[in-house]
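What follows is the content of query.pdb, which has PDB, C-alpha atoms:
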```
MODEL        1
ATOM      1  CA  MET A  28     -71.432  70.415  48.480
ATOM      2  CA  LEU A  29     -67.771  71.181  47.745
ATOM      3  CA  HIS A  30     -66.735  74.801  47.329
ATOM      4  CA  ALA A  31     -67.179  75.825  43.679
ATOM      5  CA  ARG A  32     -63.526  76.847  43.270
ATOM      6  CA  LEU A  33     -62.277  73.491  44.545
ATOM      7  CA  LEU A  34     -64.615  71.714  42.117
ATOM      8  CA  ARG A  35     -62.971  73.549  39.223
ATOM      9  CA  TYR A  36     -59.497  72.824  40.575
ATOM     10  CA  ILE A  37     -60.076  69.079  40.916
ATOM     11  CA  ASP A  38     -61.759  68.830  37.513
ATOM     12  CA  GLU A  39     -58.966  70.730  35.753
ATOM     13  CA  VAL A  40     -56.200  68.702  37.439
ATOM     14  CA  ALA A  41     -57.909  65.468  36.348
ATOM     15  CA  ARG A  42     -58.326  66.685  32.751
ATOM     16  CA  ARG A  43     -54.720  67.832  32.403
ATOM     17  CA  GLY A  44     -53.077  65.099  34.489
ATOM     18  CA  SER A  45     -50.922  67.671  36.246
ATOM     19  CA  ILE A  46     -51.359  70.191  39.052
ATOM     20  CA  ARG A  47     -48.806  72.457  37.369
ATOM     21  CA  LYS A  48     -50.622  72.417  34.006
ATOM     22  CA  ALA A  49     -53.980  72.991  35.682
ATOM     23  CA  ALA A  50     -52.536  75.902  37.653
ATOM     24  CA  SER A  51     -51.126  77.455  34.484
ATOM     25  CA  HIS A  52     -54.460  77.125  32.686
ATOM     26  CA  LEU A  53     -56.416  78.567  35.614
ATOM     27  CA  ASN A  54     -53.802  81.249  36.307
ATOM     28  CA  VAL A  55     -53.528  80.109  39.937
ATOM     29  CA  ALA A  56     -50.453  79.156  41.942
ATOM     30  CA  SER A  57     -49.895  75.387  41.845
ATOM     31  CA  THR A  58     -49.176  75.410  45.585
ATOM     32  CA  ALA A  59     -52.631  76.869  46.232
ATOM     33  CA  ILE A  60     -54.330  74.115  44.225
ATOM     34  CA  ASN A  61     -52.213  71.391  45.820
ATOM     35  CA  ARG A  62     -52.881  72.742  49.317
ATOM     36  CA  GLN A  63     -56.647  72.713  48.819
ATOM     37  CA  ILE A  64     -56.649  69.216  47.346
ATOM     38  CA  ILE A  65     -54.536  67.854  50.217
ATOM     39  CA  ALA A  66     -56.834  69.535  52.756
ATOM     40  CA  TYR A  67     -59.856  67.929  51.129
ATOM     41  CA  GLU A  68     -58.175  64.506  51.016
ATOM     42  CA  GLU A  69     -57.497  64.809  54.729
ATOM     43  CA  GLU A  70     -61.118  65.789  55.305
ATOM     44  CA  ILE A  71     -62.542  62.713  53.555
ATOM     45  CA  GLY A  72     -59.770  60.392  54.728
ATOM     46  CA  THR A  73     -58.554  59.127  51.361
ATOM     47  CA  GLN A  74     -56.510  60.238  48.368
ATOM     48  CA  ILE A  75     -58.357  61.391  45.277
ATOM     49  CA  PHE A  76     -55.216  61.625  43.145
ATOM     50  CA  GLU A  77     -52.317  59.214  42.778
ATOM     51  CA  ARG A  78     -49.071  61.221  42.631
ATOM     52  CA  LEU A  79     -46.745  59.822  39.955
ATOM     53  CA  PRO A  80     -43.294  61.178  38.995
ATOM     54  CA  ARG A  81     -44.559  63.372  36.142
ATOM     55  CA  GLN A  82     -48.310  63.334  36.447
ATOM     56  CA  VAL A  83     -51.259  62.700  38.686
ATOM     57  CA  ARG A  84     -54.239  60.496  37.994
ATOM     58  CA  PRO A  85     -57.523  59.939  39.840
ATOM     59  CA  THR A  86     -57.779  57.076  42.303
ATOM     60  CA  ALA A  87     -60.952  54.959  42.427
ATOM     61  CA  ALA A  88     -62.301  57.395  45.025
ATOM     62  CA  GLY A  89     -61.267  60.268  42.755
ATOM     63  CA  GLU A  90     -63.231  58.836  39.824
ATOM     64  CA  ILE A  91     -66.360  58.678  41.985
ATOM     65  CA  LEU A  92     -65.808  62.261  43.106
ATOM     66  CA  LEU A  93     -65.184  63.446  39.524
ATOM     67  CA  ARG A  94     -68.541  62.049  38.385
ATOM     68  CA  HIS A  95     -70.211  64.146  41.088
ATOM     69  CA  ILE A  96     -68.131  67.216  40.283
ATOM     70  CA  ARG A  97     -68.814  67.109  36.539
ATOM     71  CA  ALA A  98     -72.532  66.578  37.054
ATOM     72  CA  THR A  99     -72.564  69.537  39.457
ATOM     73  CA  LEU A 100     -70.617  71.788  37.096
ATOM     74  CA  LYS A 101     -72.872  70.753  34.236
ATOM     75  CA  GLU A 102     -75.996  71.752  36.135
ATOM     76  CA  HIS A 103     -74.349  74.991  37.204
ATOM     77  CA  ASP A 104     -73.512  75.857  33.583
ATOM     78  CA  ARG A 105     -77.046  75.042  32.473
ATOM     79  CA  ALA A 106     -78.492  77.196  35.260
ATOM     80  CA  ARG A 107     -76.257  80.114  34.242
ATOM     81  CA  ALA A 108     -77.362  79.755  30.622
ATOM     82  CA  GLU A 109     -81.033  79.732  31.614
ATOM     83  CA  ILE A 110     -80.563  82.795  33.834
ATOM     84  CA  ALA A 111     -78.864  84.576  30.946
ATOM     85  CA  ALA A 112     -81.797  83.620  28.741
ATOM     86  CA  LEU A 113     -84.161  85.484  31.052
ATOM     87  CA  GLN A 114     -82.455  88.664  29.909
ATOM     88  CA  GLY A 115     -83.874  87.754  26.559
ATOM     89  CA  LEU A 116     -82.184  87.456  23.200
ATOM     90  CA  GLN A 117     -85.270  88.015  21.068
ATOM     91  CA  SER A 118     -83.768  87.485  17.632
ATOM     92  CA  GLY A 119     -80.525  86.897  15.789
ATOM     93  CA  SER A 120     -78.585  84.410  13.725
ATOM     94  CA  VAL A 121     -75.339  82.484  14.179
ATOM     95  CA  THR A 122     -73.405  80.689  11.434
ATOM     96  CA  ILE A 123     -70.886  77.976  12.229
ATOM     97  CA  ALA A 124     -68.741  75.961   9.823
ATOM     98  CA  THR A 125     -67.516  72.530  10.806
ATOM     99  CA  PHE A 126     -66.526  69.124   9.466
ATOM    100  CA  GLU A 127     -69.059  66.499   8.442
ATOM    101  CA  ASN A 128     -68.739  64.264  11.459
ATOM    102  CA  LEU A 129     -68.967  67.068  14.003
ATOM    103  CA  ALA A 130     -72.029  68.390  12.186
ATOM    104  CA  ALA A 131     -73.618  64.953  12.508
ATOM    105  CA  ASN A 132     -72.628  64.210  16.103
ATOM    106  CA  LEU A 133     -71.762  67.048  18.460
ATOM    107  CA  LEU A 134     -73.768  69.889  16.938
ATOM    108  CA  PRO A 135     -77.234  68.260  17.018
ATOM    109  CA  GLN A 136     -77.061  68.120  20.826
ATOM    110  CA  VAL A 137     -75.654  71.669  20.929
ATOM    111  CA  SER A 138     -78.519  72.838  18.741
ATOM    112  CA  ARG A 139     -81.160  71.089  20.862
ATOM    113  CA  SER A 140     -79.834  72.579  24.092
ATOM    114  CA  PHE A 141     -79.350  76.048  22.594
ATOM    115  CA  ARG A 142     -82.814  76.228  21.028
ATOM    116  CA  ARG A 143     -84.492  75.299  24.317
ATOM    117  CA  ILE A 144     -82.908  78.398  25.874
ATOM    118  CA  HIS A 145     -82.918  80.708  22.821
ATOM    119  CA  PRO A 146     -85.805  79.562  20.602
ATOM    120  CA  ARG A 147     -85.734  82.723  18.463
ATOM    121  CA  ILE A 148     -82.060  82.558  17.555
ATOM    122  CA  GLN A 149     -81.421  80.911  14.185
ATOM    123  CA  VAL A 150     -78.419  78.569  14.086
ATOM    124  CA  GLN A 151     -76.972  77.798  10.660
ATOM    125  CA  VAL A 152     -74.554  74.852  10.497
ATOM    126  CA  PHE A 153     -72.441  74.318   7.376
ATOM    127  CA  SER A 154     -70.495  71.122   6.713
ATOM    128  CA  VAL A 155     -67.311  72.134   4.870
ATOM    129  CA  PHE A 156     -63.781  71.086   3.964
ATOM    130  CA  ARG A 157     -60.823  72.767   5.660
ATOM    131  CA  ARG A 158     -60.076  75.137   2.753
ATOM    132  CA  GLN A 159     -63.717  76.313   2.711
ATOM    133  CA  LEU A 160     -63.631  76.773   6.469
ATOM    134  CA  GLN A 161     -60.589  79.014   6.228
ATOM    135  CA  ALA A 162     -61.940  81.069   3.322
ATOM    136  CA  GLY A 163     -65.375  81.608   4.874
ATOM    137  CA  LEU A 164     -63.897  82.639   8.183
ATOM    138  CA  ALA A 165     -61.656  85.185   6.488
ATOM    139  CA  THR A 166     -64.579  86.806   4.638
ATOM    140  CA  GLY A 167     -66.892  86.776   7.638
ATOM    141  CA  GLU A 168     -69.222  84.209   6.077
ATOM    142  CA  TRP A 169     -68.972  82.148   9.268
ATOM    143  CA  ASP A 170     -69.191  83.540  12.807
ATOM    144  CA  LEU A 171     -67.471  80.465  14.244
ATOM    145  CA  ALA A 172     -65.611  77.407  12.989
ATOM    146  CA  LEU A 173     -65.189  74.098  14.798
ATOM    147  CA  GLY A 174     -62.769  71.380  13.795
ATOM    148  CA  TYR A 175     -59.764  69.197  14.477
ATOM    149  CA  ASN A 176     -56.278  70.629  13.929
ATOM    150  CA  ILE A 177     -57.478  74.102  12.915
ATOM    151  CA  SER A 178     -55.865  76.215  15.639
ATOM    152  CA  ASP A 179     -53.272  77.378  13.092
ATOM    153  CA  VAL A 180     -55.771  78.699  10.515
ATOM    154  CA  PRO A 181     -54.389  82.089   9.385
ATOM    155  CA  GLY A 182     -56.329  85.115  10.554
ATOM    156  CA  SER A 183     -58.161  83.251  13.312
ATOM    157  CA  THR A 184     -58.269  83.261  17.110
ATOM    158  CA  VAL A 185     -58.910  80.202  19.272
ATOM    159  CA  LEU A 186     -61.874  80.646  21.583
ATOM    160  CA  TYR A 187     -61.872  77.166  23.153
ATOM    161  CA  GLN A 188     -59.663  74.149  22.593
ATOM    162  CA  PHE A 189     -59.956  70.549  23.807
ATOM    163  CA  GLU A 190     -57.498  67.687  23.464
ATOM    164  CA  THR A 191     -59.125  64.601  21.938
ATOM    165  CA  ARG A 192     -57.634  61.182  21.274
ATOM    166  CA  LEU A 193     -58.573  58.452  18.853
ATOM    167  CA  GLY A 194     -59.868  55.292  20.491
ATOM    168  CA  ALA A 195     -61.025  51.924  19.237
ATOM    169  CA  VAL A 196     -64.666  52.114  18.138
ATOM    170  CA  VAL A 197     -66.709  48.929  17.933
ATOM    171  CA  SER A 198     -70.264  47.670  18.053
ATOM    172  CA  THR A 199     -71.699  46.865  21.473
ATOM    173  CA  GLN A 200     -71.750  43.231  20.255
ATOM    174  CA  HIS A 201     -68.058  43.153  19.333
ATOM    175  CA  PRO A 202     -65.689  40.900  21.352
ATOM    176  CA  LEU A 203     -63.702  43.988  22.465
ATOM    177  CA  ALA A 204     -66.761  45.956  23.579
ATOM    178  CA  SER A 205     -66.505  44.992  27.257
ATOM    179  CA  ARG A 206     -62.844  46.017  27.570
ATOM    180  CA  SER A 207     -61.949  49.132  29.598
ATOM    181  CA  GLU A 208     -58.921  49.700  27.331
ATOM    182  CA  VAL A 209     -57.170  47.925  24.470
ATOM    183  CA  ARG A 210     -53.780  47.717  22.814
ATOM    184  CA  LEU A 211     -53.299  48.062  19.088
ATOM    185  CA  SER A 212     -52.173  44.444  19.061
ATOM    186  CA  ASP A 213     -55.680  43.509  20.337
ATOM    187  CA  CYS A 214     -57.285  45.548  17.555
ATOM    188  CA  ALA A 215     -55.075  43.911  14.902
ATOM    189  CA  LEU A 216     -56.715  40.549  15.665
ATOM    190  CA  HIS A 217     -59.887  41.919  14.043
ATOM    191  CA  PRO A 218     -60.608  43.542  10.664
ATOM    192  CA  ILE A 219     -59.344  47.131  10.689
ATOM    193  CA  ILE A 220     -61.543  49.899   9.228
ATOM    194  CA  VAL A 221     -59.772  53.231   8.886
ATOM    195  CA  GLY A 222     -59.932  56.598   7.183
ATOM    196  CA  ASN A 223     -57.993  56.587   3.918
ATOM    197  CA  GLU A 224     -54.795  58.497   3.206
ATOM    198  CA  THR A 225     -56.673  61.744   2.529
ATOM    199  CA  MET A 226     -57.688  61.854   6.196
ATOM    200  CA  THR A 227     -55.609  62.785   9.256
ATOM    201  CA  ILE A 228     -56.797  59.614  10.993
ATOM    202  CA  TYR A 229     -54.803  57.451   8.576
ATOM    203  CA  GLY A 230     -51.473  59.089   9.394
ATOM    204  CA  ILE A 231     -52.098  59.011  13.140
ATOM    205  CA  MET A 232     -52.960  55.314  13.152
ATOM    206  CA  HIS A 233     -50.209  54.369  10.679
ATOM    207  CA  ASP A 234     -47.608  55.982  12.952
ATOM    208  CA  ALA A 235     -49.143  54.528  16.128
ATOM    209  CA  PHE A 236     -49.114  50.966  14.761
ATOM    210  CA  ALA A 237     -45.506  51.412  13.638
ATOM    211  CA  GLN A 238     -44.453  52.708  17.056
ATOM    212  CA  ALA A 239     -46.209  49.755  18.706
ATOM    213  CA  ASN A 240     -44.432  47.388  16.284
ATOM    214  CA  VAL A 241     -47.790  46.017  15.116
ATOM    215  CA  PRO A 242     -48.442  45.480  11.377
ATOM    216  CA  PHE A 243     -50.860  48.057   9.982
ATOM    217  CA  ARG A 244     -53.036  46.244   7.449
ATOM    218  CA  PRO A 245     -56.445  47.933   7.087
ATOM    219  CA  GLN A 246     -59.067  45.708   5.500
ATOM    220  CA  VAL A 247     -61.244  48.734   4.671
ATOM    221  CA  ALA A 248     -60.197  52.351   4.037
ATOM    222  CA  SER A 249     -62.607  55.169   3.239
ATOM    223  CA  ASN A 250     -62.981  58.940   3.363
ATOM    224  CA  SER A 251     -66.574  58.535   4.577
ATOM    225  CA  VAL A 252     -66.960  58.622   8.346
ATOM    226  CA  ALA A 253     -70.597  57.549   7.995
ATOM    227  CA  PHE A 254     -69.529  54.457   6.032
ATOM    228  CA  MET A 255     -66.917  53.473   8.617
ATOM    229  CA  LYS A 256     -69.379  53.873  11.465
ATOM    230  CA  SER A 257     -71.970  51.820   9.598
ATOM    231  CA  LEU A 258     -69.516  48.925   9.278
ATOM    232  CA  ALA A 259     -68.567  49.223  12.946
ATOM    233  CA  ARG A 260     -72.244  49.147  14.005
ATOM    234  CA  GLN A 261     -72.605  45.884  12.079
ATOM    235  CA  ALA A 262     -69.660  44.398  14.050
ATOM    236  CA  GLU A 263     -67.619  44.178  10.825
ATOM    237  CA  GLY A 264     -64.420  45.281  12.540
ATOM    238  CA  VAL A 265     -62.619  47.957  14.562
ATOM    239  CA  THR A 266     -62.387  51.591  13.499
ATOM    240  CA  PHE A 267     -60.714  54.563  15.185
ATOM    241  CA  MET A 268     -62.430  57.797  16.144
ATOM    242  CA  THR A 269     -62.689  60.236  19.032
ATOM    243  CA  LYS A 270     -65.436  60.104  21.622
ATOM    244  CA  VAL A 271     -66.892  63.292  20.096
ATOM    245  CA  ASP A 272     -67.152  61.605  16.685
ATOM    246  CA  ILE A 273     -69.551  58.961  17.993
ATOM    247  CA  ALA A 274     -71.420  60.942  20.658
ATOM    248  CA  GLU A 275     -74.810  60.279  19.057
ATOM    249  CA  GLU A 276     -74.117  56.553  18.588
ATOM    250  CA  ILE A 277     -72.903  56.211  22.182
ATOM    251  CA  GLY A 278     -76.120  57.872  23.341
ATOM    252  CA  ARG A 279     -78.189  55.403  21.316
ATOM    253  CA  GLY A 280     -76.186  52.411  22.561
ATOM    254  CA  GLU A 281     -74.891  51.523  19.091
ATOM    255  CA  LEU A 282     -71.145  52.020  19.404
ATOM    256  CA  VAL A 283     -68.520  51.864  22.159
ATOM    257  CA  TYR A 284     -65.402  54.013  22.517
ATOM    258  CA  ILE A 285     -62.455  52.143  24.076
ATOM    259  CA  PRO A 286     -59.289  54.040  25.089
ATOM    260  CA  ILE A 287     -56.105  52.760  23.443
ATOM    261  CA  ARG A 288     -53.316  51.986  25.870
ATOM    262  CA  ASP A 289     -50.458  52.478  23.407
ATOM    263  CA  LYS A 290     -48.852  55.910  23.881
ATOM    264  CA  GLY A 291     -48.151  56.356  20.160
ATOM    265  CA  VAL A 292     -51.708  57.511  19.402
ATOM    266  CA  ARG A 293     -51.169  61.250  19.424
ATOM    267  CA  THR A 294     -53.853  63.684  20.493
ATOM    268  CA  GLN A 295     -55.861  65.891  18.157
ATOM    269  CA  PRO A 296     -56.788  69.398  19.307
ATOM    270  CA  LEU A 297     -60.457  70.170  18.702
ATOM    271  CA  SER A 298     -60.764  73.957  18.434
ATOM    272  CA  LEU A 299     -63.544  76.511  18.252
ATOM    273  CA  ILE A 300     -62.196  79.539  16.393
ATOM    274  CA  TYR A 301     -63.390  82.876  15.060
ATOM    275  CA  ARG A 302     -62.027  85.595  12.773
ATOM    276  CA  LYS A 303     -59.168  87.496  14.380
ATOM    277  CA  ASN A 304     -60.180  90.900  15.784
ATOM    278  CA  ALA A 305     -63.866  90.184  15.131
ATOM    279  CA  THR A 306     -66.365  91.238  17.802
ATOM    280  CA  LEU A 307     -68.515  88.379  19.036
ATOM    281  CA  GLY A 308     -72.154  89.328  19.437
ATOM    282  CA  SER A 309     -74.330  88.018  22.256
ATOM    283  CA  ALA A 310     -75.885  85.249  20.166
ATOM    284  CA  VAL A 311     -72.486  84.041  18.923
ATOM    285  CA  SER A 312     -70.981  84.126  22.416
ATOM    286  CA  ARG A 313     -73.852  82.129  23.858
ATOM    287  CA  LEU A 314     -73.672  79.486  21.150
ATOM    288  CA  ALA A 315     -69.918  79.225  21.738
ATOM    289  CA  GLU A 316     -70.560  78.728  25.439
ATOM    290  CA  GLN A 317     -73.086  75.977  24.695
ATOM    291  CA  ILE A 318     -70.512  74.212  22.509
ATOM    292  CA  ARG A 319     -67.999  74.409  25.370
ATOM    293  CA  ILE A 320     -70.515  72.916  27.801
ATOM    294  CA  GLU A 321     -71.409  70.021  25.489
ATOM    295  CA  LEU A 322     -67.751  69.251  24.760
ATOM    296  CA  GLU A 323     -66.926  69.141  28.462
ATOM    297  CA  LEU A 324     -69.849  66.754  29.017
ATOM    298  CA  THR A 325     -68.778  64.545  26.096
ATOM    299  CA  LEU A 326     -65.080  64.402  26.927
TER
ENDMDL
END
```

In structure tokens, write the structure found in this file.
Amino acid sequence: MLHARLLRYIDEVARRGSIRKAASHLNVASTAINRQIIAYEEEIGTQIFERLPRQVRPTAAGEILLRHIRATLKEHDRARAEIAALQGLQSGSVTIATFENLAANLLPQVSRSFRRIHPRIQVQVFSVFRRQLQAGLATGEWDLALGYNISDVPGSTVLYQFETRLGAVVSTQHPLASRSEVRLSDCALHPIIVGNETMTIYGIMHDAFAQANVPFRPQVASNSVAFMKSLARQAEGVTFMTKVDIAEEIGRGELVYIPIRDKGVRTQPLSLIYRKNATLGSAVSRLAEQIRIELELTL
């Protein structure tokens, strides 16, 4: 098995698309990371990263290696969590505020995994709007808050943050379902289902279509994520969500996430935050760690 440190290096470089950015995040010299990757490439006799002018990306061999690395890191994280559980949190409670779709998709798996390890810890999940999230965090009503574009909430500190990107979401029976990636011009050939103007999704997709010089003419607009996903499951059209938003449906084989090739689709930071200067108890810290693990597996 690869050395644990090299596993982390390769995984981080792949996620960030840059040795320099990975080095900055890991607080390691970029030359050290590059040297170890080159040494490993020489050992296996093939490149695992394609070096481009401003970024790196995994080769076919690199993609195979990354699947192994992420599975290994996943099992390592689970083993660490189970070992920690032996020390025994006997009781406690954690409250987390989040948005509707994250409550319905990511957090059920987090809850299942967490309760297997800490069956006596109560997890309370509240589906809220942004203003409620901010107010409850400030008063201490919530221990944690999880959401898109919330890293700037006053009086909060970011614990973990992941970059997510909207993709085309369709039924497994949809004509686009077998594609490895799509352009917005491909999506425009089908009915478009999108969040309405009260949602961040609308602005992101409106701007992306404009930048791609593709007419943006949604056939259906709604502020209900559940409604949009229901239409997509029935092959009624194409909607746009992150991979996290449809984690449960992907697991059940109901929906497919397809990366969008157009560069105009800007990323959305998904952040786990807590009240600034608050002390995180053991139960809260362990739930936060479980959320990090599940997000890394999903993304």

Is there a way to get, as a ChimeraX atom specification, all residues within 12 Å of the point (-50.5, 61.8, 19.0) in file coordinates, counting all atoms listed in the file?
/A:176,190-194,227-228,230-236,238,287,289-296

Check which residues satisfy the PyMOL selection byres ((chain A and resi 320) around 12) in the file shown, then give them as a PyMOL selection string.
chain A and resi 97-98+100-108+133-134+136-137+140-141+187+189+313-319+321-326

Find the smallest box with edges along x, y and z containing every listed atom of segment 132-137 of chain A, then add 4 Å on each side and report centre and edge lengths in Å to one decimal, as AutoDock Vina command-line options.
```
--center_x -74.5 --center_y 67.9 --center_z 18.5 --size_x 13.5 --size_y 15.5 --size_z 12.8
```

Starting from the PyMOL selection byres ((chain A and resi 218) around 8), expand the selection into actual residues of this file and give them as a tab-separated table (two decimals) with C-alpha atoms, in the coordinates of the input.
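Written file, selection.tsv:
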```tsv
chain	number	residue	atom	x	y	z
A	214	CYS	CA	-57.28	45.55	17.56
A	215	ALA	CA	-55.08	43.91	14.90
A	216	LEU	CA	-56.72	40.55	15.66
A	217	HIS	CA	-59.89	41.92	14.04
A	219	ILE	CA	-59.34	47.13	10.69
A	220	ILE	CA	-61.54	49.90	9.23
A	245	PRO	CA	-56.44	47.93	7.09
A	246	GLN	CA	-59.07	45.71	5.50
A	247	VAL	CA	-61.24	48.73	4.67
A	263	GLU	CA	-67.62	44.18	10.82
A	264	GLY	CA	-64.42	45.28	12.54
A	265	VAL	CA	-62.62	47.96	14.56
```

Please expand the PyMOL selection byres ((chain A and resi 253) around 12) into the concrete residues it hits in this file, giving the result as JSON, numbers by chain.
{"A": [127, 128, 129, 130, 131, 132, 220, 221, 222, 249, 250, 251, 252, 254, 255, 256, 257, 258, 259, 260, 266, 268, 272, 273, 276]}

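Atom pair atom CA of Glu224 of chain A / atom CA of Gln188 of chain A: separated by 25.4 Å.
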